[in-house]
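Trainee: The structure is given below, and queries will be raised subsequently.
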Amino acid sequence: QVQLVESGGGLVQAGDSLRLSCAASGRTSSVYAMGWFRQAPGREREFVAAITWSGGSTNYADSSVKGRFTVSKDNAKNTMYLQAFGLRPDDTAVYFCAAVVVVWRLNSAYQGHADAYDYWGQGTQVTVSS
């Protein structure tokens, strides 16, 4: 079992920056990759970014987040981060982190398929005012 807890969300103004954290606990040695997703009101959950846990390779959604968001990790702290720059009102959403522990789902998870992930956090709300 892997437990994930997100933090760092809040209310910010357009143009501000924010860093989200996802702290992992439990069998973290079994994690192959972690990802960030977000869900805005009335919309489906969408992929934001993913990072492999050993090599640190990163992948971002082909959307407006590329170039503004940066995913990183600190293995010593078992924590993944999402640094967001130049936030916009359409970035308003609940941000979730997720982890994959099954190796044959690693590639699918890395490509951003939500159903490839095994564990999810509860989410942290990010609200961007105009």
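Following the order of the structure tokens, first chain is A, next is B, and so on, with residues numbered from 1 inside each chain and ligands from 1 in the order they appear.
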Neighbours of Leu87 (chain A) within 9 Å (only C-alpha atoms; same-chain residues fewer than 5 positions away dropped), as JSON, numbers by chain?

Mentor: {"A": [12, 13, 14, 15, 16, 17, 18, 68, 92, 128]}

Trainee: Identify all residues of region 4-128 of chain A in alpha helix (DSSP H) (DSSP on the backbone) and supply them as a ChimeraX atom specification.

Mentor: /A:106-110

Trainee: If you run DSSP on this backbone, which residues of chain A come out as strand (DSSP E or B), and could you give them as a PyMOL selection string?

Mentor: chain A and resi 2-7+10-13+18-26+33-39+46-52+58-60+66+69-74+79-84+93-100+119-120+124-129

Trainee: Hey, which of A:Lys73, A:Arg105, A:Arg19, A:Arg45 ends up closest to Ala93 (chain A)? Count only C-alpha atoms.

Mentor: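 For Ala93 (chain A), the nearest of the candidates is A:Arg45.
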
Trainee: Can you tell me which residues surround Gln111 (chain A) at a distance of at most 9 Å, considering only C-alpha atoms, apart from same-chain residues fewer than 2 positions away, and format the answer as a PyMOL selection string?

Mentor: chain A and resi 47+49-50+59-61+106-109+113

Trainee: Within 10 Å of region 123-126 of chain A, which residues of region 37-72 of chain A show up? Give each one with its shortest atom-to-atom distance in Å (one decimal) and the two atoms involved, counting only C-alpha atoms, rows by chain then rising residue number, as a Markdown table.

Mentor:
| residue | atom | partner | partner_atom | distance |
| --- | --- | --- | --- | --- |
| A:Phe37 | CA | A:Gly123 | CA | 9.2 |
| A:Arg38 | CA | A:Gly123 | CA | 8.5 |
| A:Gln39 | CA | A:Gly123 | CA | 9.4 |
| A:Ala40 | CA | A:Gln125 | CA | 9.6 |

Trainee: Would you work out the distance separating CA of Lys77 (chain A) from CA of Ala24 (chain A), expressed in Å to one decimal?

Mentor: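 Between CA of Lys77 (chain A) and CA of Ala24 (chain A) the gap is 8.4 Å.
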
Trainee: Which residues are near Val31 (chain A)? Cut-off 12 Å, only C-alpha atoms, ignore same chain within fewer than 3 positions. Put them as a PyMOL selection string.

Mentor: chain A and resi 1-4+24-28+34-35+51-54+75+78-80+98-103+105-106+109+117-119

Trainee: Generate the output file for the selected residues, N, CA and C atoms, as a PDB file, in the first residue's frame.

Mentor:
ATOM      1  N   GLN A   1       0.831  -1.191   0.000  1.00  0.00           N
ATOM      2  CA  GLN A   1       0.000   0.000   0.000  1.00  0.00           C
ATOM      3  C   GLN A   1       0.869   1.245   0.000  1.00  0.00           C
ATOM      4  N   VAL A   2       0.431   2.232  -0.747  1.00  0.00           N
ATOM      5  CA  VAL A   2       1.100   3.528  -0.786  1.00  0.00           C
ATOM      6  C   VAL A   2       0.056   4.584  -0.461  1.00  0.00           C
ATOM      7  N   GLN A   3       0.402   5.454   0.479  1.00  0.00           N
ATOM      8  CA  GLN A   3      -0.492   6.554   0.817  1.00  0.00           C
ATOM      9  C   GLN A   3       0.079   7.851   0.238  1.00  0.00           C
ATOM     10  N   LEU A   4      -0.806   8.668  -0.311  1.00  0.00           N
ATOM     11  CA  LEU A   4      -0.399   9.921  -0.938  1.00  0.00           C
ATOM     12  C   LEU A   4      -1.187  11.074  -0.332  1.00  0.00           C
ATOM     13  N   ALA A  24       4.514  10.825  -0.241  1.00  0.00           N
ATOM     14  CA  ALA A  24       4.190   9.408  -0.310  1.00  0.00           C
ATOM     15  C   ALA A  24       4.700   8.691   0.934  1.00  0.00           C
ATOM     16  N   SER A  25       3.941   7.716   1.393  1.00  0.00           N
ATOM     17  CA  SER A  25       4.350   6.904   2.525  1.00  0.00           C
ATOM     18  C   SER A  25       3.895   5.471   2.289  1.00  0.00           C
ATOM     19  N   GLY A  26       4.371   4.581   3.116  1.00  0.00           N
ATOM     20  CA  GLY A  26       4.061   3.170   2.936  1.00  0.00           C
ATOM     21  C   GLY A  26       5.127   2.493   2.098  1.00  0.00           C
ATOM     22  N   ARG A  27       4.727   1.659   1.166  1.00  0.00           N
ATOM     23  CA  ARG A  27       5.669   0.902   0.333  1.00  0.00           C
ATOM     24  C   ARG A  27       6.158   1.749  -0.839  1.00  0.00           C
ATOM     25  N   THR A  28       6.838   2.828  -0.511  1.00  0.00           N
ATOM     26  CA  THR A  28       7.299   3.736  -1.564  1.00  0.00           C
ATOM     27  C   THR A  28       8.374   3.110  -2.443  1.00  0.00           C
ATOM     28  N   MET A  34       5.103   8.588 -10.709  1.00  0.00           N
ATOM     29  CA  MET A  34       4.013   9.344 -10.097  1.00  0.00           C
ATOM     30  C   MET A  34       3.538  10.396 -11.079  1.00  0.00           C
ATOM     31  N   GLY A  35       2.308  10.805 -10.897  1.00  0.00           N
ATOM     32  CA  GLY A  35       1.753  11.777 -11.813  1.00  0.00           C
ATOM     33  C   GLY A  35       0.869  12.783 -11.111  1.00  0.00           C
ATOM     34  N   ILE A  51       6.347  11.748 -13.683  1.00  0.00           N
ATOM     35  CA  ILE A  51       7.779  11.639 -13.493  1.00  0.00           C
ATOM     36  C   ILE A  51       8.102  10.215 -13.062  1.00  0.00           C
ATOM     37  N   THR A  52       9.146   9.645 -13.643  1.00  0.00           N
ATOM     38  CA  THR A  52       9.555   8.313 -13.215  1.00  0.00           C
ATOM     39  C   THR A  52      10.330   8.425 -11.911  1.00  0.00           C
ATOM     40  N   TRP A  53      10.144   7.455 -11.053  1.00  0.00           N
ATOM     41  CA  TRP A  53      10.669   7.591  -9.694  1.00  0.00           C
ATOM     42  C   TRP A  53      12.168   7.338  -9.623  1.00  0.00           C
ATOM     43  N   SER A  54      12.713   6.522 -10.484  1.00  0.00           N
ATOM     44  CA  SER A  54      14.151   6.246 -10.412  1.00  0.00           C
ATOM     45  C   SER A  54      14.946   7.226 -11.273  1.00  0.00           C
ATOM     46  N   ASN A  75      13.562  12.074  -3.798  1.00  0.00           N
ATOM     47  CA  ASN A  75      13.426  10.685  -3.360  1.00  0.00           C
ATOM     48  C   ASN A  75      13.691  10.525  -1.871  1.00  0.00           C
ATOM     49  N   ASN A  78      10.601  11.247  -0.308  1.00  0.00           N
ATOM     50  CA  ASN A  78       9.446  10.557  -0.896  1.00  0.00           C
ATOM     51  C   ASN A  78       8.353  11.548  -1.287  1.00  0.00           C
ATOM     52  N   THR A  79       8.763  12.624  -1.910  1.00  0.00           N
ATOM     53  CA  THR A  79       7.837  13.696  -2.241  1.00  0.00           C
ATOM     54  C   THR A  79       7.993  14.125  -3.689  1.00  0.00           C
ATOM     55  N   MET A  80       6.855  14.331  -4.322  1.00  0.00           N
ATOM     56  CA  MET A  80       6.817  14.868  -5.683  1.00  0.00           C
ATOM     57  C   MET A  80       6.257  16.287  -5.613  1.00  0.00           C
ATOM     58  N   ALA A  98      -0.868  10.809  -8.064  1.00  0.00           N
ATOM     59  CA  ALA A  98      -1.113   9.379  -8.186  1.00  0.00           C
ATOM     60  C   ALA A  98       0.205   8.636  -8.343  1.00  0.00           C
ATOM     61  N   ALA A  99       0.194   7.362  -8.000  1.00  0.00           N
ATOM     62  CA  ALA A  99       1.402   6.542  -8.089  1.00  0.00           C
ATOM     63  C   ALA A  99       1.081   5.213  -8.764  1.00  0.00           C
ATOM     64  N   VAL A 100       2.032   4.719  -9.517  1.00  0.00           N
ATOM     65  CA  VAL A 100       1.892   3.413 -10.156  1.00  0.00           C
ATOM     66  C   VAL A 100       2.959   2.486  -9.595  1.00  0.00           C
ATOM     67  N   VAL A 101       2.553   1.266  -9.201  1.00  0.00           N
ATOM     68  CA  VAL A 101       3.473   0.301  -8.602  1.00  0.00           C
ATOM     69  C   VAL A 101       3.578  -0.976  -9.414  1.00  0.00           C
ATOM     70  N   VAL A 102       2.840  -1.047 -10.522  1.00  0.00           N
ATOM     71  CA  VAL A 102       2.856  -2.231 -11.368  1.00  0.00           C
ATOM     72  C   VAL A 102       3.684  -1.912 -12.607  1.00  0.00           C
ATOM     73  N   VAL A 103       4.772  -2.632 -12.794  1.00  0.00           N
ATOM     74  CA  VAL A 103       5.749  -2.245 -13.800  1.00  0.00           C
ATOM     75  C   VAL A 103       5.181  -2.264 -15.215  1.00  0.00           C
ATOM     76  N   ARG A 105       2.402  -1.339 -16.186  1.00  0.00           N
ATOM     77  CA  ARG A 105       1.568  -0.169 -16.426  1.00  0.00           C
ATOM     78  C   ARG A 105       2.385   1.123 -16.410  1.00  0.00           C
ATOM     79  N   LEU A 106       3.679   1.011 -16.238  1.00  0.00           N
ATOM     80  CA  LEU A 106       4.521   2.198 -16.120  1.00  0.00           C
ATOM     81  C   LEU A 106       4.410   3.086 -17.356  1.00  0.00           C
ATOM     82  N   ALA A 109       1.064   4.786 -17.593  1.00  0.00           N
ATOM     83  CA  ALA A 109       0.963   5.844 -16.578  1.00  0.00           C
ATOM     84  C   ALA A 109       1.779   7.063 -16.989  1.00  0.00           C
ATOM     85  N   TYR A 117      -2.821   4.119 -13.020  1.00  0.00           N
ATOM     86  CA  TYR A 117      -2.305   4.402 -11.682  1.00  0.00           C
ATOM     87  C   TYR A 117      -3.014   3.561 -10.626  1.00  0.00           C
ATOM     88  N   ASP A 118      -2.242   3.208  -9.599  1.00  0.00           N
ATOM     89  CA  ASP A 118      -2.760   2.318  -8.566  1.00  0.00           C
ATOM     90  C   ASP A 118      -3.249   3.064  -7.323  1.00  0.00           C
ATOM     91  N   TYR A 119      -2.619   4.159  -7.000  1.00  0.00           N
ATOM     92  CA  TYR A 119      -2.950   4.869  -5.770  1.00  0.00           C
ATOM     93  C   TYR A 119      -3.157   6.350  -6.078  1.00  0.00           C
TER      94      TYR A 119
END

Trainee: What is the distance, in Å and to one decimal place, between CA of Gly10 (chain A) and CA of Gly56 (chain A)?

Mentor: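 These two atoms are separated by 26.9 Å.
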
Trainee: Could you check the closest approach to Thr58 (chain A) for each of A:Val94, A:Trp120, A:Ala23, A:Tyr110 and tell me which residue wins, using only C-alpha atoms?

Mentor: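 Selected residue with least distance to Thr58 (chain A): A:Tyr110.
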